[in-house]
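Undergrad: There's a structure below that I have some questions on.
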Amino acid sequence: MSTSTASPSTNSPKPIHVDIAGKAIDLPVVVGSENEHAIDISHLRSATGYITLDDGFGNTGSCSSAITYIDGEAGILRYRGIPIEQLAEHSTFTETALLLMYGELPTKEKLNKFRGLLIQHEMLHEGLRQMFDGFPASGHPMAILSAMINAVSCYHPDVMQMEDDATFKSAAARLMSKVRTIAAAAYKTSIGHPIVYPRPELPYCANFLHMMYSLPNQPYEPDPDIVRALDLILILHADHEQNCSTSTVRMVGSSGANLFASCAAGVCALWGPLHGGANAAVISMLKYIIDNKIDLKDYIAKVKDKDSHIRLMGFGHRVYKNYDPRAKILKGQADKVLKKLGVAHDPMLELAQRLEEVALSDSYFVDRHLYPNVDFYSGIIMRALGIPVEMFTVMFSIGRMPGWIAHWKEQHDDANSRIFRPRQVYTGHTLRDYVPMDNR
């Protein structure tokens, strides 16, 4: 195989000429708005008989998207072009959701109308509420969440069709609103408490905390700083480009599956410990150190020893080769929340702070860019808020919902979108005959 390229040009880059076993093809070069270059191999197989192989899709673009931009080397994250730092400082989760879904910050009127839709759809059909009785108390909240999201579409068949923007907006609001009601109800069911109805006068995050922690004889009044901390966690998790769960939503949506079915699939993908379980892994690591009375210096030494196979959870990131920009934001919020709640003497949170100090000052971690990531701080904050570990990934799902919805919409609106159908390199048996049972 031989290839030749011209110097990259963002205006009109020349195609890349590829010659494979005597078969030649010119592959177009696609340039993104941030000067990212990609080789379009759509016709490679038909022209040459070859496909590309990229295990884990680490070097393969599955789509073009205008939603989120990440520069892992520079530590940049932007939603629709707006830096995450600005959104964290000035925006709310609901406003950020509309930005992701529609591409622009909403006007006050549009934001208020969407908030009205969230209120309109926050209740669960009584038939859905009764379904919680069918799940065992030990059932994992993520299993319940994915099942209930699909069940919602059974009670609201109108979400199966998206005729215009109004029906999409109604479906998006219904999904965003009900997912927090379902999550809180799943938690209440797991601890044997009665399910709490939402309060329409409360904002999105405050309403969720109310449904999580209120009792019939003891209403919970969310503290503004606590509400803001949760709002920040959701904003920072709202989208992250083509990660596993978002790619799953687009994969399922490419078949024509409705918004609810596609996002339920996203929940299942996020459930995996290598994806959505990272913040829970941080707490599990801290608990392991405390329960086994391991000295922190000894644990750090084992982390540095390759033969120990012990990892430092919540540090480093596959995409960010520098400091995770979301972690910088949550670090300040974590310090504020811990001080506000007066949990400085919680052994686990105290250990987390000591671990952070060690990692940020140890050249072993600094030289390898193993900085605390968003999972480290979000796990600490949610622990401080009293959210149980098994609910961590559910919180991630609530936060990621606007991104999933935005990606489903982007694909749905693309007239050129096709059903996803990856190729493979077959490595099994070649042709062979069936062997009768008596001869085996």
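Following the order of the structure tokens, chains are lettered A, B, ..., residues in each are numbered from 1, and ligands are numbered from 1.
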Can you tell me, as JSON, numbers by chain, what residues are no more than 10 Å from His140 in chain A when counting only C-alpha atoms, ignoring any on the same chain fewer than 3 positions away?

TA: {"A": [135, 136, 137, 143, 144, 145, 186, 187, 190, 271, 390, 391, 394]}

Undergrad: Selected residues, N, CA and C atoms, written as an mmCIF file, in the first residue's frame, please.

TA:
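See again.cif below for the written result:
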data_model
loop_
_atom_site.group_PDB
_atom_site.id
_atom_site.type_symbol
_atom_site.label_atom_id
_atom_site.label_comp_id
_atom_site.auth_asym_id
_atom_site.auth_seq_id
_atom_site.Cartn_x
_atom_site.Cartn_y
_atom_site.Cartn_z
ATOM 1 N N PHE A 135 -40.317 -4.381 41.560
ATOM 2 C CA PHE A 135 -38.866 -4.540 41.632
ATOM 3 C C PHE A 135 -38.455 -4.920 43.055
ATOM 4 N N PRO A 136 -37.514 -5.833 43.210
ATOM 5 C CA PRO A 136 -37.042 -6.166 44.562
ATOM 6 C C PRO A 136 -36.303 -4.983 45.162
ATOM 7 N N ALA A 137 -36.314 -4.896 46.482
ATOM 8 C CA ALA A 137 -35.627 -3.791 47.156
ATOM 9 C C ALA A 137 -34.136 -3.797 46.847
ATOM 10 N N ALA A 143 -30.838 -0.585 36.689
ATOM 11 C CA ALA A 143 -31.740 -1.526 36.035
ATOM 12 C C ALA A 143 -33.156 -0.985 36.051
ATOM 13 N N ILE A 144 -33.543 -0.437 37.189
ATOM 14 C CA ILE A 144 -34.878 0.139 37.321
ATOM 15 C C ILE A 144 -35.019 1.355 36.412
ATOM 16 N N LEU A 145 -33.988 2.193 36.367
ATOM 17 C CA LEU A 145 -34.050 3.413 35.564
ATOM 18 C C LEU A 145 -34.235 3.089 34.083
ATOM 19 N N ALA A 186 -36.893 5.246 42.631
ATOM 20 C CA ALA A 186 -36.115 4.009 42.739
ATOM 21 C C ALA A 186 -35.345 3.985 44.054
ATOM 22 N N TYR A 187 -34.788 5.121 44.435
ATOM 23 C CA TYR A 187 -34.056 5.202 45.705
ATOM 24 C C TYR A 187 -35.000 4.979 46.884
ATOM 25 N N SER A 190 -35.913 1.399 47.262
ATOM 26 C CA SER A 190 -34.821 0.553 47.732
ATOM 27 C C SER A 190 -34.644 0.607 49.244
ATOM 28 N N TRP A 271 -24.043 2.122 32.688
ATOM 29 C CA TRP A 271 -24.009 1.255 33.857
ATOM 30 C C TRP A 271 -22.675 0.533 33.983
ATOM 31 N N GLU A 390 -24.617 3.370 45.193
ATOM 32 C CA GLU A 390 -25.350 2.716 44.107
ATOM 33 C C GLU A 390 -26.173 3.698 43.273
ATOM 34 N N MET A 391 -26.327 4.936 43.768
ATOM 35 C CA MET A 391 -27.061 5.958 43.022
ATOM 36 C C MET A 391 -26.133 6.868 42.217
ATOM 37 N N VAL A 394 -26.672 6.663 38.542
ATOM 38 C CA VAL A 394 -27.981 7.233 38.234
ATOM 39 C C VAL A 394 -27.874 8.753 38.120
#

Undergrad: So that I can check the surroundings of Leu124 in chain A, please list as a list in words every protein, DNA and RNA residue that reaches within 9 Å of it, counting only C-alpha atoms and ignoring chain neighbours fewer than 4 positions away.

TA: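 What passes the distance filter is Leu128, Arg129, Val152, Lys178, Thr181, Ile182 and Tyr197 of chain A.
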
Undergrad: Quick one, how far is CA of Ile16 in chain A from CA of Asp40 in chain A?

TA: 9.4 Å

Undergrad: Excluding Ile149 in chain A and residues on its chain fewer than 5 positions from it, collect all residues at most 8 Å away from it, counting only C-alpha atoms, and give them as a list of chain:residue names.

TA: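 My reading of the contact set: A:Leu175, A:Val179, A:Phe260, A:Ala261, A:Cys263, A:Ala264.
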
Undergrad: Write the residues of the selection above to a file with all heavy atoms, as a PDB file, in the first residue's frame.

TA:
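Written file, again02.pdb:
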ATOM      1  N   LEU A 175     -38.863  13.428  29.128  1.00  0.00           N
ATOM      2  CA  LEU A 175     -37.774  12.533  29.498  1.00  0.00           C
ATOM      3  C   LEU A 175     -36.886  13.160  30.569  1.00  0.00           C
ATOM      4  O   LEU A 175     -36.554  12.512  31.577  1.00  0.00           O
ATOM      5  CB  LEU A 175     -36.954  12.187  28.259  1.00  0.00           C
ATOM      6  CG  LEU A 175     -35.792  11.211  28.414  1.00  0.00           C
ATOM      7  CD1 LEU A 175     -36.232   9.936  29.114  1.00  0.00           C
ATOM      8  CD2 LEU A 175     -35.190  10.888  27.053  1.00  0.00           C
ATOM      9  N   VAL A 179     -37.037  11.529  34.385  1.00  0.00           N
ATOM     10  CA  VAL A 179     -35.879  10.720  34.778  1.00  0.00           C
ATOM     11  C   VAL A 179     -35.490  11.004  36.225  1.00  0.00           C
ATOM     12  O   VAL A 179     -35.089  10.094  36.958  1.00  0.00           O
ATOM     13  CB  VAL A 179     -34.691  10.958  33.818  1.00  0.00           C
ATOM     14  CG1 VAL A 179     -34.089  12.344  33.987  1.00  0.00           C
ATOM     15  CG2 VAL A 179     -33.612   9.901  34.025  1.00  0.00           C
ATOM     16  N   PHE A 260     -36.911   7.590  23.689  1.00  0.00           N
ATOM     17  CA  PHE A 260     -36.894   6.926  24.990  1.00  0.00           C
ATOM     18  C   PHE A 260     -36.122   5.605  24.932  1.00  0.00           C
ATOM     19  O   PHE A 260     -35.337   5.300  25.827  1.00  0.00           O
ATOM     20  CB  PHE A 260     -38.326   6.697  25.487  1.00  0.00           C
ATOM     21  CG  PHE A 260     -38.954   7.926  26.072  1.00  0.00           C
ATOM     22  CD1 PHE A 260     -39.197   9.040  25.294  1.00  0.00           C
ATOM     23  CD2 PHE A 260     -39.297   7.988  27.407  1.00  0.00           C
ATOM     24  CE1 PHE A 260     -39.765  10.184  25.833  1.00  0.00           C
ATOM     25  CE2 PHE A 260     -39.872   9.125  27.963  1.00  0.00           C
ATOM     26  CZ  PHE A 260     -40.104  10.232  27.165  1.00  0.00           C
ATOM     27  N   ALA A 261     -36.350   4.817  23.880  1.00  0.00           N
ATOM     28  CA  ALA A 261     -35.633   3.547  23.741  1.00  0.00           C
ATOM     29  C   ALA A 261     -34.133   3.788  23.578  1.00  0.00           C
ATOM     30  O   ALA A 261     -33.305   3.067  24.150  1.00  0.00           O
ATOM     31  CB  ALA A 261     -36.181   2.772  22.541  1.00  0.00           C
ATOM     32  N   CYS A 263     -32.337   6.397  24.652  1.00  0.00           N
ATOM     33  CA  CYS A 263     -31.732   6.867  25.906  1.00  0.00           C
ATOM     34  C   CYS A 263     -31.713   5.772  26.968  1.00  0.00           C
ATOM     35  O   CYS A 263     -30.809   5.742  27.812  1.00  0.00           O
ATOM     36  CB  CYS A 263     -32.471   8.111  26.410  1.00  0.00           C
ATOM     37  SG  CYS A 263     -32.167   9.579  25.386  1.00  0.00           S
ATOM     38  N   ALA A 264     -32.690   4.869  26.941  1.00  0.00           N
ATOM     39  CA  ALA A 264     -32.658   3.721  27.856  1.00  0.00           C
ATOM     40  C   ALA A 264     -31.431   2.862  27.553  1.00  0.00           C
ATOM     41  O   ALA A 264     -30.786   2.326  28.466  1.00  0.00           O
ATOM     42  CB  ALA A 264     -33.930   2.894  27.725  1.00  0.00           C
TER      43      ALA A 264
END

Undergrad: Using only C-alpha atoms, which protein or nucleic acid residues come within 12 Å of Tyr320 in chain A? Drop anything in the same chain fewer than 3 positions from it, and give the result as a VMD selection string.

TA: chain A and resid 70 to 77 240 315 to 317 323 to 327 368 to 374

Undergrad: Which residue, A:Gly139, A:Pro219, A:Pro15, A:Gly386, has the smallest gap to Val337 in chain A when you use only C-alpha atoms?

TA: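 Among the listed residues, the smallest separation from Val337 in chain A belongs to A:Gly386.
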
Undergrad: Excluding range 241-244 of chain A and any residue of its chain fewer than 6 positions from it, enumerate the residues within 10 Å of it, using only C-alpha atoms, and give them as a VMD selection string.

TA: chain A and resid 56 61 to 63 65 to 70 77 to 79 250 266 269 to 270 272 274 to 276 319 403 to 404 407

Undergrad: Enumerate, as a PDB file with N, CA and C atoms, in the first residue's frame, the complete set of residues in range 282-338 of chain A that a backbone-based DSSP assignment places in helix (DSSP H, G or I).

TA:
ATOM      1  N   VAL A 282     -14.087   5.404  43.064  1.00  0.00           N
ATOM      2  CA  VAL A 282     -13.295   6.266  43.954  1.00  0.00           C
ATOM      3  C   VAL A 282     -13.670   5.995  45.407  1.00  0.00           C
ATOM      4  N   ILE A 283     -14.967   5.966  45.677  1.00  0.00           N
ATOM      5  CA  ILE A 283     -15.435   5.724  47.045  1.00  0.00           C
ATOM      6  C   ILE A 283     -15.069   4.318  47.491  1.00  0.00           C
ATOM      7  N   SER A 284     -15.175   3.352  46.577  1.00  0.00           N
ATOM      8  CA  SER A 284     -14.803   1.968  46.922  1.00  0.00           C
ATOM      9  C   SER A 284     -13.327   1.875  47.285  1.00  0.00           C
ATOM     10  N   MET A 285     -12.479   2.613  46.560  1.00  0.00           N
ATOM     11  CA  MET A 285     -11.047   2.626  46.861  1.00  0.00           C
ATOM     12  C   MET A 285     -10.792   3.212  48.244  1.00  0.00           C
ATOM     13  N   LEU A 286     -11.424   4.334  48.540  1.00  0.00           N
ATOM     14  CA  LEU A 286     -11.241   4.964  49.841  1.00  0.00           C
ATOM     15  C   LEU A 286     -11.715   4.044  50.966  1.00  0.00           C
ATOM     16  N   LYS A 287     -12.837   3.381  50.741  1.00  0.00           N
ATOM     17  CA  LYS A 287     -13.380   2.458  51.744  1.00  0.00           C
ATOM     18  C   LYS A 287     -12.416   1.285  51.964  1.00  0.00           C
ATOM     19  N   TYR A 288     -11.827   0.803  50.881  1.00  0.00           N
ATOM     20  CA  TYR A 288     -10.877  -0.307  50.971  1.00  0.00           C
ATOM     21  C   TYR A 288      -9.662   0.088  51.814  1.00  0.00           C
ATOM     22  N   ILE A 289      -9.151   1.285  51.597  1.00  0.00           N
ATOM     23  CA  ILE A 289      -7.984   1.751  52.347  1.00  0.00           C
ATOM     24  C   ILE A 289      -8.313   1.854  53.837  1.00  0.00           C
ATOM     25  N   ILE A 290      -9.503   2.402  54.138  1.00  0.00           N
ATOM     26  CA  ILE A 290      -9.899   2.590  55.534  1.00  0.00           C
ATOM     27  C   ILE A 290     -10.195   1.251  56.216  1.00  0.00           C
ATOM     28  N   ASP A 291     -10.990   0.407  55.544  1.00  0.00           N
ATOM     29  CA  ASP A 291     -11.385  -0.871  56.150  1.00  0.00           C
ATOM     30  C   ASP A 291     -10.189  -1.771  56.436  1.00  0.00           C
ATOM     31  N   LEU A 296      -1.581   5.511  53.964  1.00  0.00           N
ATOM     32  CA  LEU A 296      -1.695   6.155  52.655  1.00  0.00           C
ATOM     33  C   LEU A 296      -0.380   6.095  51.883  1.00  0.00           C
ATOM     34  N   LYS A 297       0.740   6.271  52.578  1.00  0.00           N
ATOM     35  CA  LYS A 297       2.044   6.207  51.905  1.00  0.00           C
ATOM     36  C   LYS A 297       2.289   4.813  51.330  1.00  0.00           C
ATOM     37  N   ASP A 298       1.883   3.793  52.079  1.00  0.00           N
ATOM     38  CA  ASP A 298       2.051   2.428  51.587  1.00  0.00           C
ATOM     39  C   ASP A 298       1.182   2.179  50.352  1.00  0.00           C
ATOM     40  N   TYR A 299      -0.046   2.740  50.375  1.00  0.00           N
ATOM     41  CA  TYR A 299      -0.942   2.549  49.232  1.00  0.00           C
ATOM     42  C   TYR A 299      -0.384   3.241  47.989  1.00  0.00           C
ATOM     43  N   ILE A 300       0.124   4.466  48.169  1.00  0.00           N
ATOM     44  CA  ILE A 300       0.720   5.199  47.053  1.00  0.00           C
ATOM     45  C   ILE A 300       1.910   4.430  46.489  1.00  0.00           C
ATOM     46  N   ALA A 301       2.699   3.836  47.361  1.00  0.00           N
ATOM     47  CA  ALA A 301       3.858   3.048  46.925  1.00  0.00           C
ATOM     48  C   ALA A 301       3.407   1.859  46.076  1.00  0.00           C
ATOM     49  N   LYS A 302       2.309   1.219  46.474  1.00  0.00           N
ATOM     50  CA  LYS A 302       1.794   0.088  45.706  1.00  0.00           C
ATOM     51  C   LYS A 302       1.268   0.543  44.349  1.00  0.00           C
ATOM     52  N   VAL A 303       0.677   1.727  44.302  1.00  0.00           N
ATOM     53  CA  VAL A 303       0.185   2.267  43.037  1.00  0.00           C
ATOM     54  C   VAL A 303       1.343   2.447  42.057  1.00  0.00           C
ATOM     55  N   LYS A 304       2.485   2.894  42.574  1.00  0.00           N
ATOM     56  CA  LYS A 304       3.668   3.122  41.732  1.00  0.00           C
ATOM     57  C   LYS A 304       4.322   1.815  41.283  1.00  0.00           C
ATOM     58  N   LYS A 306       4.267  -1.401  39.411  1.00  0.00           N
ATOM     59  CA  LYS A 306       3.496  -1.974  38.308  1.00  0.00           C
ATOM     60  C   LYS A 306       3.055  -3.403  38.593  1.00  0.00           C
ATOM     61  N   ASP A 307       3.829  -4.118  39.367  1.00  0.00           N
ATOM     62  CA  ASP A 307       3.505  -5.519  39.645  1.00  0.00           C
ATOM     63  C   ASP A 307       2.374  -5.689  40.654  1.00  0.00           C
ATOM     64  N   SER A 308       2.010  -4.622  41.350  1.00  0.00           N
ATOM     65  CA  SER A 308       0.954  -4.726  42.363  1.00  0.00           C
ATOM     66  C   SER A 308      -0.437  -4.721  41.746  1.00  0.00           C
ATOM     67  N   PRO A 325     -10.717  19.831  32.805  1.00  0.00           N
ATOM     68  CA  PRO A 325     -11.269  21.153  33.127  1.00  0.00           C
ATOM     69  C   PRO A 325     -12.470  21.080  34.064  1.00  0.00           C
ATOM     70  N   ARG A 326     -13.207  19.990  34.012  1.00  0.00           N
ATOM     71  CA  ARG A 326     -14.362  19.820  34.899  1.00  0.00           C
ATOM     72  C   ARG A 326     -13.914  19.607  36.341  1.00  0.00           C
ATOM     73  N   ALA A 327     -12.752  18.959  36.511  1.00  0.00           N
ATOM     74  CA  ALA A 327     -12.236  18.700  37.856  1.00  0.00           C
ATOM     75  C   ALA A 327     -11.840  20.000  38.543  1.00  0.00           C
ATOM     76  N   LYS A 328     -11.257  20.930  37.782  1.00  0.00           N
ATOM     77  CA  LYS A 328     -10.876  22.214  38.362  1.00  0.00           C
ATOM     78  C   LYS A 328     -12.090  22.922  38.947  1.00  0.00           C
ATOM     79  N   ILE A 329     -13.201  22.852  38.231  1.00  0.00           N
ATOM     80  CA  ILE A 329     -14.429  23.518  38.675  1.00  0.00           C
ATOM     81  C   ILE A 329     -14.988  22.845  39.922  1.00  0.00           C
ATOM     82  N   LEU A 330     -15.026  21.508  39.905  1.00  0.00           N
ATOM     83  CA  LEU A 330     -15.620  20.783  41.033  1.00  0.00           C
ATOM     84  C   LEU A 330     -14.750  20.798  42.276  1.00  0.00           C
ATOM     85  N   LYS A 331     -13.452  20.989  42.118  1.00  0.00           N
ATOM     86  CA  LYS A 331     -12.571  21.034  43.287  1.00  0.00           C
ATOM     87  C   LYS A 331     -12.983  22.157  44.224  1.00  0.00           C
ATOM     88  N   GLY A 332     -13.180  23.356  43.670  1.00  0.00           N
ATOM     89  CA  GLY A 332     -13.607  24.483  44.490  1.00  0.00           C
ATOM     90  C   GLY A 332     -14.966  24.239  45.114  1.00  0.00           C
ATOM     91  N   GLN A 333     -15.857  23.606  44.367  1.00  0.00           N
ATOM     92  CA  GLN A 333     -17.197  23.324  44.890  1.00  0.00           C
ATOM     93  C   GLN A 333     -17.135  22.263  45.987  1.00  0.00           C
ATOM     94  N   ALA A 334     -16.247  21.291  45.828  1.00  0.00           N
ATOM     95  CA  ALA A 334     -16.111  20.248  46.847  1.00  0.00           C
ATOM     96  C   ALA A 334     -15.648  20.848  48.171  1.00  0.00           C
ATOM     97  N   ASP A 335     -14.666  21.733  48.104  1.00  0.00           N
ATOM     98  CA  ASP A 335     -14.179  22.380  49.326  1.00  0.00           C
ATOM     99  C   ASP A 335     -15.307  23.154  50.001  1.00  0.00           C
ATOM    100  N   LYS A 336     -16.116  23.828  49.197  1.00  0.00           N
ATOM    101  CA  LYS A 336     -17.210  24.641  49.731  1.00  0.00           C
ATOM    102  C   LYS A 336     -18.290  23.774  50.369  1.00  0.00           C
ATOM    103  N   VAL A 337     -18.632  22.675  49.696  1.00  0.00           N
ATOM    104  CA  VAL A 337     -19.689  21.797  50.197  1.00  0.00           C
ATOM    105  C   VAL A 337     -19.257  21.116  51.492  1.00  0.00           C
ATOM    106  N   LEU A 338     -18.014  20.635  51.543  1.00  0.00           N
ATOM    107  CA  LEU A 338     -17.541  19.953  52.742  1.00  0.00           C
ATOM    108  C   LEU A 338     -17.547  20.899  53.940  1.00  0.00           C
TER     109      LEU A 338
END

Undergrad: Give the answer as one residue: which of A:Lys188, A:Arg45, A:Ile25, A:Ser254 has the shortest atom-to-atom distance to Arg423 in chain A, using only C-alpha atoms?

TA: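 Ranked by minimum distance to Arg423 in chain A, first place goes to A:Arg45.
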
Undergrad: Hey, which of A:Ser378, A:Gln411, A:Thr96, A:Ser245 ends up closest to Pro83 in chain A? Count only C-alpha atoms.

TA: A:Thr96

Undergrad: Report the distance between CA of Met131 in chain A and CA of Met212 in chain A in Å, rounded to one decimal place.

TA: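 These atoms are spaced 18.2 Å apart.
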
Undergrad: So, with only C-alpha atoms as the atoms that count, which of A:His43, A:Arg400, A:Arg174, A:His412 lies closest to Gly116 in chain A?

TA: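 The shortest atom-to-atom distance to Gly116 in chain A comes from A:Arg174.
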
Undergrad: Just checking: using only C-alpha atoms, which residue out of A:Gly32, A:Ala47, A:Thr189, A:Met142 ends up closest to Val18 in chain A?

TA: A:Ala47

Undergrad: Identify which of the residues A:Lys110, A:His90, A:Lys169, A:Lys293 lies closest to Ala406 in chain A, counting only C-alpha atoms when measuring atom-to-atom distances.

TA: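 Looking at the shortest contact to Ala406 in chain A, the residue is A:Lys169.
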